[in-house]
file run38.pdb (PDB, C-alpha atoms and all ligand atoms)
ATOM      1  CA  MET A  12     -15.025  77.179-137.976
ATOM      2  CA  ILE A  13     -17.859  76.177-135.678
ATOM      3  CA  LYS A  14     -18.853  79.533-134.276
ATOM      4  CA  LEU A  15     -20.868  80.188-131.168
ATOM      5  CA  CYS A  16     -22.238  83.624-130.161
ATOM      6  CA  GLU A  17     -23.365  84.171-126.608
ATOM      7  CA  ASN A  18     -26.275  86.439-127.645
ATOM      8  CA  GLN A  19     -27.795  83.650-129.769
ATOM      9  CA  ILE A  20     -28.338  81.479-126.730
ATOM     10  CA  ASP A  21     -31.641  81.855-124.903
ATOM     11  CA  TYR A  22     -32.614  80.081-121.730
ATOM     12  CA  ASN A  23     -33.680  77.000-123.640
ATOM     13  CA  GLY A  24     -30.146  76.667-124.919
ATOM     14  CA  LEU A  25     -28.927  76.692-128.494
ATOM     15  CA  LYS A  26     -28.632  73.608-130.647
ATOM     16  CA  LEU A  27     -25.748  73.536-133.094
ATOM     17  CA  SER A  28     -25.727  70.658-135.520
ATOM     18  CA  GLY A  29     -24.163  70.071-138.899
ATOM     19  CA  TYR A  30     -21.072  69.137-140.791
ATOM     20  CA  GLU A  31     -17.659  70.750-140.687
ATOM     21  CA  LYS A  32     -14.942  70.212-143.267
ATOM     22  CA  ALA A  33     -12.286  67.897-141.865
ATOM     23  CA  SER A  34      -9.581  70.047-143.432
ATOM     24  CA  GLU A  35     -10.986  73.070-141.582
ATOM     25  CA  MET A  36     -10.599  71.104-138.373
ATOM     26  CA  GLY A  37      -6.967  70.335-139.144
ATOM     27  CA  LEU A  38      -7.685  66.654-139.769
ATOM     28  CA  ASP A  39      -5.427  65.696-142.634
ATOM     29  CA  SER A  40      -5.071  62.198-143.982
ATOM     30  CA  GLU A  41      -1.811  60.360-143.388
ATOM     31  CA  GLY A  42      -1.141  58.457-146.584
ATOM     32  CA  ASP A  43      -3.052  55.217-147.027
ATOM     33  CA  PHE A  44      -2.909  54.350-143.377
ATOM     34  CA  LEU A  45      -5.428  56.919-142.143
ATOM     35  CA  ARG A  46      -7.872  58.794-144.352
ATOM     36  CA  PHE A  47     -10.133  61.370-142.797
ATOM     37  CA  PRO A  48     -13.535  62.012-144.384
ATOM     38  CA  ASP A  49     -14.476  65.232-146.167
ATOM     39  CA  LYS A  50     -16.860  66.194-143.388
ATOM     40  CA  VAL A  51     -17.218  65.652-139.668
ATOM     41  CA  PHE A  52     -20.660  65.586-138.062
ATOM     42  CA  TYR A  53     -21.325  67.455-134.831
ATOM     43  CA  ASP A  54     -24.432  67.810-132.716
ATOM     44  CA  VAL A  55     -24.042  69.944-129.614
ATOM     45  CA  THR A  56     -26.128  72.133-127.347
ATOM     46  CA  ALA A  57     -24.905  75.347-125.766
ATOM     47  CA  VAL A  58     -26.414  76.355-122.425
ATOM     48  CA  LEU A  59     -25.856  79.558-120.451
ATOM     49  CA  VAL A  60     -24.576  78.985-116.944
ATOM     50  CA  ASN A  61     -23.168  81.272-114.289
ATOM     51  CA  GLY A  62     -20.102  82.936-115.788
ATOM     52  CA  GLY A  63     -20.088  81.153-119.092
ATOM     53  CA  ILE A  64     -21.437  78.671-121.571
ATOM     54  CA  VAL A  65     -21.448  74.901-121.376
ATOM     55  CA  VAL A  66     -21.336  73.091-124.691
ATOM     56  CA  SER A  67     -22.176  69.397-124.671
ATOM     57  CA  GLY A  68     -23.123  66.759-127.200
ATOM     58  CA  ARG A  69     -21.435  64.504-129.703
ATOM     59  CA  ILE A  70     -19.155  64.466-132.725
ATOM     60  CA  GLU A  71     -18.766  61.695-135.267
ATOM     61  CA  MET A  72     -16.938  60.754-138.454
ATOM     62  CA  ILE A  73     -16.217  57.722-140.595
ATOM     63  CA  ILE A  74     -12.544  57.287-141.356
ATOM     64  CA  GLY A  75     -10.780  55.026-143.811
ATOM     65  CA  CYS A  76      -7.936  53.076-142.277
ATOM     66  CA  GLN A  77      -5.691  50.084-142.771
ATOM     67  CA  CYS A  78      -5.703  47.003-140.564
ATOM     68  CA  VAL A  79      -2.314  46.567-138.884
ATOM     69  CA  ARG A  80      -2.689  42.781-138.989
ATOM     70  CA  CYS A  81      -3.883  42.026-142.543
ATOM     71  CA  LEU A  82      -3.278  45.407-144.242
ATOM     72  CA  LYS A  83      -6.877  45.525-145.519
ATOM     73  CA  ASP A  84      -8.496  48.929-145.980
ATOM     74  CA  TYR A  85     -11.688  49.353-144.020
ATOM     75  CA  ASP A  86     -14.061  52.074-142.796
ATOM     76  CA  LEU A  87     -14.372  52.821-139.119
ATOM     77  CA  LYS A  88     -16.921  54.969-137.327
ATOM     78  CA  VAL A  89     -15.233  57.139-134.726
ATOM     79  CA  SER A  90     -17.371  59.124-132.345
ATOM     80  CA  CYS A  91     -17.163  61.020-129.111
ATOM     81  CA  GLU A  92     -20.488  60.920-127.285
ATOM     82  CA  ASP A  93     -19.502  62.968-124.268
ATOM     83  CA  VAL A  94     -18.355  66.291-125.616
ATOM     84  CA  CYS A  95     -18.405  68.783-122.741
ATOM     85  CA  HIS A  96     -16.630  72.131-122.647
ATOM     86  CA  PHE A  97     -16.926  75.324-120.657
ATOM     87  CA  TYR A  98     -16.354  78.726-122.250
ATOM     88  CA  GLU A  99     -15.920  81.655-119.927
ATOM     89  CA  THR A 100     -17.854  84.750-120.944
ATOM     90  CA  GLY A 101     -17.216  88.319-119.885
ATOM     91  CA  SER A 102     -14.335  89.550-121.971
ATOM     92  CA  LYS A 103     -15.492  87.434-124.887
ATOM     93  CA  SER A 104     -18.896  86.635-126.345
ATOM     94  CA  GLU A 105     -17.919  84.773-129.502
ATOM     95  CA  PHE A 106     -16.238  81.392-129.497
ATOM     96  CA  ASP A 107     -14.754  78.982-131.986
ATOM     97  CA  LEU A 108     -15.634  75.441-130.903
ATOM     98  CA  THR A 109     -13.412  73.822-133.524
ATOM     99  CA  PRO A 110     -10.198  73.262-131.498
ATOM    100  CA  GLU A 111     -11.984  71.479-128.633
ATOM    101  CA  LEU A 112     -14.136  69.356-130.952
ATOM    102  CA  ARG A 113     -11.025  68.436-132.906
ATOM    103  CA  GLU A 114      -9.355  67.196-129.733
ATOM    104  CA  ASP A 115     -12.454  65.215-128.765
ATOM    105  CA  ILE A 116     -12.496  63.329-132.044
ATOM    106  CA  ILE A 117      -8.740  62.734-132.106
ATOM    107  CA  ILE A 118      -8.661  61.159-128.654
ATOM    108  CA  SER A 119     -11.511  58.887-129.790
ATOM    109  CA  LEU A 120      -9.308  57.288-132.444
ATOM    110  CA  PRO A 121      -8.316  53.724-131.508
ATOM    111  CA  GLN A 122      -4.701  52.967-130.592
ATOM    112  CA  ASN A 123      -4.580  49.961-132.878
ATOM    113  CA  PHE A 124      -6.428  49.736-136.161
ATOM    114  CA  ILE A 125      -7.686  46.165-136.452
ATOM    115  CA  CYS A 126     -10.417  45.278-138.987
ATOM    116  CA  SER A 127     -12.012  42.797-136.568
ATOM    117  CA  ALA A 128     -11.068  41.106-133.305
ATOM    118  CA  GLU A 129     -10.951  37.783-135.204
ATOM    119  CA  CYS A 130      -8.594  39.058-137.913
ATOM    120  CA  GLY A 131      -6.048  36.310-138.615
ATOM    121  CA  GLY A 132      -3.529  38.677-140.178
ATOM    122  CA  LEU A 133      -0.895  37.669-142.695
ATOM    123  CA  CYS A 134       0.909  34.324-142.639
ATOM    124  CA  GLN A 135       4.392  34.703-141.178
ATOM    125  CA  ILE A 136       5.783  32.220-143.666
ATOM    126  CA  CYS A 137       4.137  32.847-147.043
ATOM    127  CA  GLY A 138       2.566  36.263-146.418
ATOM    128  CA  LYS A 139      -0.940  35.249-147.546
ATOM    129  CA  ASN A 140      -3.976  36.826-145.916
ATOM    130  CA  LYS A 141      -5.254  34.181-143.483
ATOM    131  CA  ASN A 142      -8.755  35.702-143.481
ATOM    132  CA  VAL A 143      -9.054  34.878-147.182
ATOM    133  CA  THR A 144      -7.188  31.606-147.540
ATOM    134  CA  ASP A 145      -5.886  28.846-145.337
ATOM    135  CA  CYS A 146      -2.377  28.528-146.743
ATOM    136  CA  GLY A 147      -1.626  25.510-144.533
ATOM    137  CA  CYS A 148       1.845  26.700-143.560
ATOM    138  CA  ASN A 149       3.195  25.104-140.409
ATOM    139  CA  VAL A 150       3.863  27.921-137.985
ATOM    140  CA  SER A 151       3.987  25.720-134.871
ATOM    141  CA  GLY A 152       7.797  25.650-134.793
ATOM    142  CA  LEU A 153       7.970  29.343-135.521
ATOM    143  CA  GLU A 154       8.376  31.485-132.479
ATOM    144  CA  ARG A 155       6.456  34.667-132.694
ATOM    145  CA  SER A 156       8.854  37.290-131.407
ATOM    146  CA  CYS A 157      10.982  39.377-133.739
ATOM    147  CA  TRP A 158      13.528  39.592-130.884
ATOM    148  CA  ASN A 159      14.369  35.876-131.082
ATOM    149  CA  GLU A 160      17.466  36.552-133.196
ATOM    150  CA  LEU A 161      18.990  38.260-130.154
ATOM    151  CA  ASP A 162      19.028  34.910-128.320
ATOM    152  CA  LYS A 163      21.721  33.712-130.717
ATOM    153  CA  LEU A 164      24.144  36.347-129.445
ATOM    154  CA  SER A 165      26.767  35.061-127.052
ATOM    155  CA  PHE A 166      28.182  37.243-124.321
ATOM    156  CA  SER A 167      30.832  34.833-122.990
ATOM    157  CA  GLY A 168      34.412  36.091-122.326
ATOM    158  CA  ARG A 169      35.866  34.242-125.304
ATOM    159  CA  ASN A 170      33.560  35.960-127.725
ATOM    160  CA  ARG A 171      34.413  39.337-126.269
ATOM    161  CA  LYS A 172      38.171  38.749-126.874
ATOM    162  CA  LYS A 173      37.459  37.744-130.418
ATOM    163  CA  THR A 174      35.747  41.002-131.122
ATOM    164  CA  LYS A 175      38.670  42.962-129.642
ATOM    165  CA  THR A 176      41.213  41.464-132.054
ATOM    166  CA  THR A 177      39.232  42.759-134.976
ATOM    167  CA  ASP A 178      38.965  46.278-133.553
ATOM    168  CA  ALA A 179      39.097  49.042-136.099
ATOM    169  CA  PRO A 180      42.264  50.845-134.778
ATOM    170  CA  LYS A 181      44.451  47.694-135.123
ATOM    171  CA  ASN A 182      43.259  47.200-138.656
ATOM    172  CA  LYS A 183      44.241  50.758-139.459
ATOM    173  CA  LYS A 184      47.804  50.194-138.185
ATOM    174  CA  ARG A 185      48.146  47.057-140.267
ATOM    175  CA  ALA A 186      46.946  48.895-143.314
ATOM    176  CA  ARG A 187      49.577  51.602-142.815
ATOM    177  CA  ARG A 188      52.427  49.054-142.493
ATOM    178  CA  GLU A 189      51.409  47.441-145.755
TER     179      GLU A 189
HETATM  180 ZN    ZN B   1      -7.370  42.653-140.498
HETATM  181 ZN    ZN B   2       1.330  30.599-145.252
END

call {"tool": "encode", "arguments": {"input": "run38.pdb", "output": "structure tokens", "more": "lines below"}}
Ligand SMILES: [Zn+2]
Ligand SMILES: [Zn+2]
result
Amino acid sequence: MIKLCENQIDYNGLKLSGYEKASEMGLDSEGDFLRFPDKVFYDVTAVLVNGGIVVSGRIEMIIGCQCVRCLKDYDLKVSCEDVCHFYETGSKSEFDLTPELREDIIISLPQNFICSAECGGLCQICGKNKNVTDCGCNVSGLERSCWNELDKLSFSGRNRKKTKTTDAPKNKKRARRE
């Protein structure tokens, strides 16, 4: 818990800096794909303003992740440099900053984990890592979309009739007669 007490803040503000356990922040690793570090670094300043406290600063961690193209494990620095939250005082004078800082770091995670923009990924034919070896497979004739198989489907009237004759109910009747 990253705790903040209103009475600790003077008019110069209060600097809060250190490490928080990732598990305490509810950051749990998801198998091999995403591994959170033991600790998350935060460096924020709390300032008294009219009616509350403004907390601003940064939070940072280094995660272990897996490239979606080549499946390599790599480390990635994830940081949020523009932490900024307002805490209303009055009924409360003690605050837990953890939930907001957790959100800040989670929304800073990339949508796609790619080890580098130049990552060649795995060969579609032999499966070798193209960053490591040039397997020489000819992929020019290979169309890239996994939806290509759908193009082979035919939706003409004839085909539709064909499917009807093999309908399940008819088969059942035949089975009974036998
Ligand atoms: Zn990669
Ligand atoms: Zn290949």

call {"tool": "atom_distance", "arguments": {"input": "run38.pdb", "atom1": "atom CA of Gly132 of chain A", "atom2": "atom CA of Leu38 of chain A"}}
result
28.3 Å

call {"tool": "residues_near_ligand", "arguments": {"input": "run38.pdb", "ligand": "ligand ZN 1 (chain B)", "cutoff": "8 Å", "atoms": "all atoms listed in the file", "output": "PyMOL selection string"}}
result
chain A and resi 77-83+125-127+130-132+142

call {"tool": "residues_around", "arguments": {"input": "run38.pdb", "residues": "Leu108 of chain A", "least_positions_apart": "2", "cutoff": "6 Å", "atoms": "all atoms listed in the file", "output": "VMD selection string"}}
result
chain A and resid 13 110 to 111

call {"tool": "residues_near_ligand", "arguments": {"input": "run38.pdb", "ligand": "ligand ZN 2 (chain B)", "cutoff": "8 Å", "atoms": "only C-alpha atoms and all ligand atoms", "output": "list in words"}}
result
Leu133, Cys134, Gln135, Ile136, Cys137, Gly138, Lys139, Lys141, Asp145, Cys146, Gly147, Cys148 and Asn149 of chain A

call {"tool": "resolve_selection", "arguments": {"input": "run38.pdb", "expression": "the PyMOL selection byres (((chain A and resi 96-103) around 6) and not hetatm)", "output": "list in words"}}
result
Gly62, Gly63, Ile64, Val65, Val66, Cys95, Ser104 and Glu105 of chain A

call {"tool": "closest_atom_pairs", "arguments": {"input": "run38.pdb", "of": "segment 67-152 of chain A", "to": "segment 27-34 of chain A", "cutoff": "10 Å", "atoms": "only C-alpha atoms", "output": "CSV"}}
result
residue,atom,partner,partner_atom,distance
A:Gly68,CA,A:Leu27,CA,9.4
A:Arg69,CA,A:Ser28,CA,9.5
A:Ile70,CA,A:Ser28,CA,9.5
A:Glu71,CA,A:Tyr30,CA,9.6
A:Met72,CA,A:Ala33,CA,9.2
A:Thr109,CA,A:Glu31,CA,8.9
A:Arg113,CA,A:Ala33,CA,9.1

call {"tool": "atom_distance", "arguments": {"input": "run38.pdb", "atom1": "atom CA of Asp107 of chain A", "atom2": "atom CA of Leu25 of chain A"}}
result
14.8 Å

call {"tool": "atom_distance", "arguments": {"input": "run38.pdb", "atom1": "atom CA of Asp84 of chain A", "atom2": "atom CA of Val51 of chain A"}}
result
19.9 Å

call {"tool": "residues_near_point", "arguments": {"input": "run38.pdb", "point": "(-15.2, 61.9, -144.6)", "cutoff": "7 Å", "atoms": "all atoms listed in the file", "output": "list in words"}}
result
Phe47, Pro48, Asp49, Lys50, Val51, Met72, Ile73 and Ile74 of chain A

call {"tool": "write_last_selection", "arguments": {"input": "run38.pdb", "atoms": "C-alpha atoms", "output": "short mmCIF file (atom, residue, chain, number, x, y, z; two decimals), in the coordinates of the input"}}
result
data_model
loop_
_atom_site.label_atom_id
_atom_site.label_comp_id
_atom_site.auth_asym_id
_atom_site.auth_seq_id
_atom_site.Cartn_x
_atom_site.Cartn_y
_atom_site.Cartn_z
CA PHE A 47 -10.13 61.37 -142.80
CA PRO A 48 -13.54 62.01 -144.38
CA ASP A 49 -14.48 65.23 -146.17
CA LYS A 50 -16.86 66.19 -143.39
CA VAL A 51 -17.22 65.65 -139.67
CA MET A 72 -16.94 60.75 -138.45
CA ILE A 73 -16.22 57.72 -140.60
CA ILE A 74 -12.54 57.29 -141.36
#

call {"tool": "closest_residue", "arguments": {"input": "run38.pdb", "among": "A:Cys157, A:Val150, A:Cys91, A:Val60", "to": "Leu120 of chain A", "atoms": "only C-alpha atoms"}}
result
A:Cys91

call {"tool": "closest_residue", "arguments": {"input": "run38.pdb", "among": "A:Leu161, A:Leu59, A:Ile117, A:Ile20", "to": "Asp39 of chain A", "atoms": "all atoms listed in the file"}}
result
A:Ile117
